[in-house]
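Worksheet for the structure shown next.
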Amino acid sequence: MRETQAVNYRRRKENPDVFFEYLLVVRFEDKVASIVETYHYGSKPQNNLVLKEVSKFCFAYDPSVLNKDAESDAFTFVLTDTDNLQQFGFCRYLRGDGGDTGSQVSECLCLLTYLPWFGFFGPVLEALTHLRLSDPPAVTALLAGILEHPTPLPGEQITIYPSAHLHSAKRSQEEAAAVAEGGGGDCGSPGEDPWSPAAPSTGAGAAGRVRASSRDAADFYVFNVPDTDKLPSVPQDVCLAELMNCLDSRSILHLFGCLLFERRILFTSEKLSLLTEVVHAAAGLLYPLCWQHIYIPIMPVSLLDYVLAPMPFLIGVHKSLVPRLETMQLGDVVFVDIDENVVRGHAEDLHVLPSDLVGFVYNTIKKASPSQSGDTVSVAFMRFFLALIGSYGDFVRNRGGDGRGAADGAVAGEAGSAPQSPAAASAKSPRGSLDEQGSAGRREPLASIAADGLLEFATEHFVQSKPAGWRRFLDHLINQQMFQQFVQDSLALIETDQPLTLHGRAIFE
């Protein structure tokens, strides 16, 4: 995809070579989930270790729990690959008897990708589900159209004509027949339709292989590519929109405080779709920082013991498991009941945050429409961080330097030019308007944070430069892994004179 120079502390693959790596069909029979069809589209060899984990997440819960709720038919899980990069499994259940919402969940379609494009892959899976039930051979025609589409620009609409790819069906079938005759068996036996319900398992297939019948596919499909150069907007960003629909301003700020203190946070809902979207949106509130710990938006029953881990986590669990959780020794876990708009635990975290910055964000969220607020909420959180840490470049110094004032290697255009108050339109300092809370209870700050190169970040001077009422929280923040990782990755970019960007978007621009 697009070439960028970017901070990779979000554990995202910056330049995936294809839209998605795998299309998988997972079936649940006799209380066992298994992959019955596998199509591999990536350039790397098929990773069987990853595929082994997929079936656990596709049917994280017994379908009997989900049969009453068609809204749980679409969801997303997250895996970490061998390179410590996140892969996203976009899933949609297929129900028996023609897909009626009251019928039993029978199969799961899963697209495994490195792109966290919720607004893109959701509609793609919806189209694939429709085609699998109405015109199965057209599924691979649609996928081929997506895979062969030129790399889209951020925010672009792409239009796919499945019928334009049907001409390659005969060639693909001939290739499949040749492979089968040679013993490879990549696409099943000649003449078999790999999308029929009784199809045998298939192996890895090359990108763009198409099987199609003589029936015409739909005329065209239009999919929206997210604009990664912009902050998330409502309603375009489905995750942020669901967060605002489910949690009010007080709950969002309570959750935000717990995120900044890297707590063990457990989300529950009766809807898998909401677990997926709200957990993802919650992590996104930390931008330009990034959650560095356990991140499992949907926790399979088989991995439930992860909630006993002593380290910070963001974990989503279906509400049917709450009685079981209540029998476990969870310790100081923060509970987020998405369905009931309840955040319980560590409410004191919010009171440590700078009150003027929190007040600004709170008022912005309260006034914003849950359905049509644009990027207002995202901008408010960004201004929170801009005021809090936007001047960090002033405290980048050569190792052994004094760290006072703008140091050699500071980020031009970022350091010193950021306003200290999120509501300010100028660089006026807000010190006079703050409630001076003193520094009682402060933690001893780190002297510096360094990367592998010649530069370091003078943390103590950075904290002392801020208003007294902010320092107690900053003493906590500079000890958090997400801030230390942010600084270390930033120093590495500064040393090589690269612009500080994250997924194509300039940080603190």
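Following the order of the structure tokens, chains are lettered A, B, ..., residues in each are numbered from 1, and ligands are numbered from 1.
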
Using only C-alpha atoms, determine which residues lie at most 8 Å from A:Cys246, disregarding the query and same-chain residues fewer than 4 positions distant; provide the list as a list in words.
-> Glu242, Ile338, Asp339, Glu340 and Asn341 of chain A

Output file for the selection above: C-alpha atoms, as a JSON list (two decimals), in the first residue's frame:
```json
[["chain", "number", "residue", "atom", "x", "y", "z"],
["A", 242, "GLU", "CA", -20.59, 3.44, 18.66],
["A", 338, "ILE", "CA", -21.20, -1.07, 27.29],
["A", 339, "ASP", "CA", -24.89, -1.97, 27.24],
["A", 340, "GLU", "CA", -25.65, -0.13, 30.51],
["A", 341, "ASN", "CA", -23.32, 2.87, 30.12]]
```

Show which residues sit within 8 Å of stretch 373-382 of chain A, as a PyMOL selection string. Count only C-alpha atoms, and ignore same-chain residues fewer than 6 positions away.
-> chain A and resi 231-235+285-288+360-361+364-365+422+508

So, counting only C-alpha atoms, which residue among A:Thr151, A:Ser134, A:Ser64, A:Thr82 is closest to A:Gln104?
->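 Answer, going by the shortest atom-to-atom distance: A:Ser64.
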
Output as a list in words all residues of stretch 254-296 of chain A that backbone DSSP marks as strand (DSSP E).
-> Arg264, Ile265, Leu266, Phe267, Thr268, Ser269, Ile294, Tyr295 and Ile296 of chain A

Dump as a tab-separated table (two decimals), in the first residue's frame, selection limited to N, CA, C and O atoms:
```tsv
chain	number	residue	atom	x	y	z
A	264	ARG	N	-6.09	-2.35	34.18
A	264	ARG	CA	-6.63	-3.60	33.64
A	264	ARG	C	-8.12	-3.35	33.41
A	264	ARG	O	-8.89	-3.22	34.35
A	265	ILE	N	-8.53	-3.25	32.14
A	265	ILE	CA	-9.88	-2.80	31.80
A	265	ILE	C	-10.61	-3.92	31.06
A	265	ILE	O	-10.15	-4.44	30.05
A	266	LEU	N	-11.78	-4.27	31.58
A	266	LEU	CA	-12.59	-5.36	31.05
A	266	LEU	C	-13.91	-4.80	30.53
A	266	LEU	O	-14.67	-4.18	31.28
A	267	PHE	N	-14.17	-5.00	29.24
A	267	PHE	CA	-15.40	-4.53	28.60
A	267	PHE	C	-16.35	-5.71	28.45
A	267	PHE	O	-15.94	-6.82	28.11
A	268	THR	N	-17.64	-5.46	28.66
A	268	THR	CA	-18.64	-6.49	28.47
A	268	THR	C	-19.82	-5.95	27.66
A	268	THR	O	-20.16	-4.76	27.75
A	269	SER	N	-20.43	-6.82	26.87
A	269	SER	CA	-21.62	-6.47	26.11
A	269	SER	C	-22.28	-7.76	25.64
A	269	SER	O	-21.63	-8.81	25.55
A	294	ILE	N	-1.64	-5.98	26.70
A	294	ILE	CA	-2.57	-6.98	26.18
A	294	ILE	C	-3.79	-6.28	25.58
A	294	ILE	O	-4.40	-5.41	26.20
A	295	TYR	N	-4.13	-6.70	24.36
A	295	TYR	CA	-5.24	-6.07	23.64
A	295	TYR	C	-6.03	-7.17	22.94
A	295	TYR	O	-5.61	-7.72	21.93
A	296	ILE	N	-7.17	-7.53	23.52
A	296	ILE	CA	-8.01	-8.61	23.00
A	296	ILE	C	-9.47	-8.13	22.99
A	296	ILE	O	-10.19	-8.32	23.98
```

Quick one: of A:Ile146, A:Leu330, A:Leu94, A:Val322, who's nearest to A:Arg27, counting only C-alpha atoms?
->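 Among the listed residues, the smallest separation from A:Arg27 belongs to A:Leu94.
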
Which residues of stretch 296-399 of chain A come within 12 Å of stretch 48-54 of chain A, and what is each one's closest atom pair and distance in Å (one decimal), counting only C-alpha atoms, sorted by chain and residue number, as a Markdown table?
```
| residue | atom | partner | partner_atom | distance |
| --- | --- | --- | --- | --- |
| A:Ile298 | CA | A:Val54 | CA | 12.0 |
| A:Met299 | CA | A:Glu53 | CA | 11.9 |
| A:Pro300 | CA | A:Glu53 | CA | 10.3 |
| A:Ser302 | CA | A:Glu53 | CA | 10.9 |
| A:Leu303 | CA | A:Glu53 | CA | 10.9 |
```

Name all residues at most 12 Å from A:Met328 (count only C-alpha atoms; drop same-chain ones fewer than 6 positions away) and give them as a list in words.
->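 Near A:Met328, the qualifying residues are Leu304, Asp305, Tyr306, Val307, Leu308, Ala309, Leu321 and Val322 of chain A.
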
Using only C-alpha atoms, which of the listed residues (A:Phe88, A:Tyr39, A:Tyr221, A:Phe77) sits closest to A:Val124?
->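 Of A:Phe88, A:Tyr39, A:Tyr221, A:Phe77, the one nearest A:Val124 is A:Tyr221, counting only C-alpha atoms.
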
Selection: 7 Å around A:Leu243, only C-alpha atoms, excl. self and same-chain fewer than 3 positions, as an MDAnalysis selection string | chainID A and resid 239:240 246:247 278 281

So which one's closest to A:Asp475, A:Phe57, A:Tyr392, A:Phe313, A:Phe462? Using only C-alpha atoms, please.
->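 Using only C-alpha atoms, the shortest distance to A:Asp475 belongs to A:Phe462.
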
For A:Glu148, which residue among A:Ala164, A:Ile252, A:Leu85, A:Val334 is the nearest when counting only C-alpha atoms?
->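 Counting only C-alpha atoms, the residue closest to A:Glu148 is A:Ala164.
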